[in-house]
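Everything on this sheet refers to the single structure shown next.
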Amino acid sequence: QEEEDQLLSGDGTGVNLLGLVPQATPFNTALVESGDQQVDVLRRAILQVRLSYYGATGIVLHPADWAAIELMKDGENRYLFSAATTGAPARLWGLPVVECDALDVGEFMVGAFATAATIYDRMQAAVYLSTENEDDFIHNMVSIMFEERIALAVKRPLAFVHGNLDGES
């Protein structure tokens with residue numbers, strides 16, 4: 001979870017990564033038209049990425065927002081995206097949807113993830129246990145250290161769009 005938080009929302013200070021959201025292009029609210037719903041805003045964000053000469057490859061949403069979209073119904077009370085008994089792949093406008101707790105409810109991220117950013121994994125996650133730390137042995141305690149070394153390089157910030165599902169800034 002910490003890695004996900006850092007990759008998406010890290011502020012770049014101290015040991016924090018500079019995440020995708022702080023480096024993304026803000027959603028252009030001028031693209032929104034009267035009557036647009038959440039799925040329309042997401043399609044317009046895909047368009048914004050495309051107008052920057054990149055092809056979006058995915059959408060990131062908070063789980064509550066994705067659930068709200070999946071629960072949308074038509075005028076006859078039928079689900080628009082899938083049947084409740086069979087489900088459907090998490091896709092919208094042909095793109096995979098990834099649920100992520102690192103985004104706040106009401107926010108989205110659309111981008112060309114494979115093209116525009118790279119994660120450099122210098123050292124995979126490691127767990128170290130020790131009883132030799134200060135007086136751990138005397139108090140029958142174990143110190144645990146988790147360590148990982150990664151870097152995030154956003155090469156094309158225009159390929160990422162971040163905004164609010166209500167279409168406002």
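To be explicit about the labels: the chains of the structure tokens are called A, B, and onward in the order shown, and within each one the residues are counted from 1, while ligands get numbers from 1 in the order they are shown.
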With a distance cut-off of 10 Å and only C-alpha atoms, select the neighbouring residues of range 140-143 of chain A, excluding the residue or stretch itself and same-chain residues fewer than 6 positions from it, and output the selection as number ranges by chain.
A: 128-134
Residues within 12 Å of range 112-116 of chain A, only C-alpha atoms, excluding chain neighbours under 6 positions, as a PyMOL selection string
chain A and resi 7-8+20+23-24+45-50+52-60+95-96+98+152-161
Which of these, A:Val32, A:Ala67, A:Val21, A:Val97, has the shortest distance to Glu4 in chain A once you count only C-alpha atoms?
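Ranking A:Val32, A:Ala67, A:Val21, A:Val97 by distance to Glu4 in chain A, first place goes to A:Val21.
Atom pair CA of Leu17 in chain A / CA of Glu147 in chain A: separated by 14.4 Å.
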Could you go through range 42-154 of chain A and tell me which residues DSSP, when run on the backbone, assigns to strand (DSSP E or B), listing them as a PyMOL selection string?
chain A and resi 58-61+73+79+91-92+95-99+107-111+117-130+143-154
Selection: 12 Å around Arg44 in chain A, only C-alpha atoms, excl. self and same-chain fewer than 2 positions, as a PyMOL selection string
chain A and resi 27-33+36-42+46-51+56+93+108-110+161-167
Could you check how far CA of Gly14 in chain A sits from CA of Asp101 in chain A, in Å to one decimal?
22.6 Å
If you run DSSP on this backbone, which residues of range 7-68 of chain A come out as alpha helix (DSSP H), and could you give them as a PyMOL selection string?
chain A and resi 7-9+20-23+38-51+63-68
Between A:Leu103, A:Ile138, A:Leu71, A:Ile144, smallest distance to Pro22 in chain A by only C-alpha atoms belongs to A:Leu103
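Closest approach to Gly12 in chain A from the set A:Asp121, A:Ala102, A:Ala151, A:Gly111 is made by A:Ala151, with distances taken over only C-alpha atoms.
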Proximity to Glu107 in chain A - best of A:Glu2, A:Glu70, A:Asp135, A:Glu168, only C-alpha atoms
A:Glu168
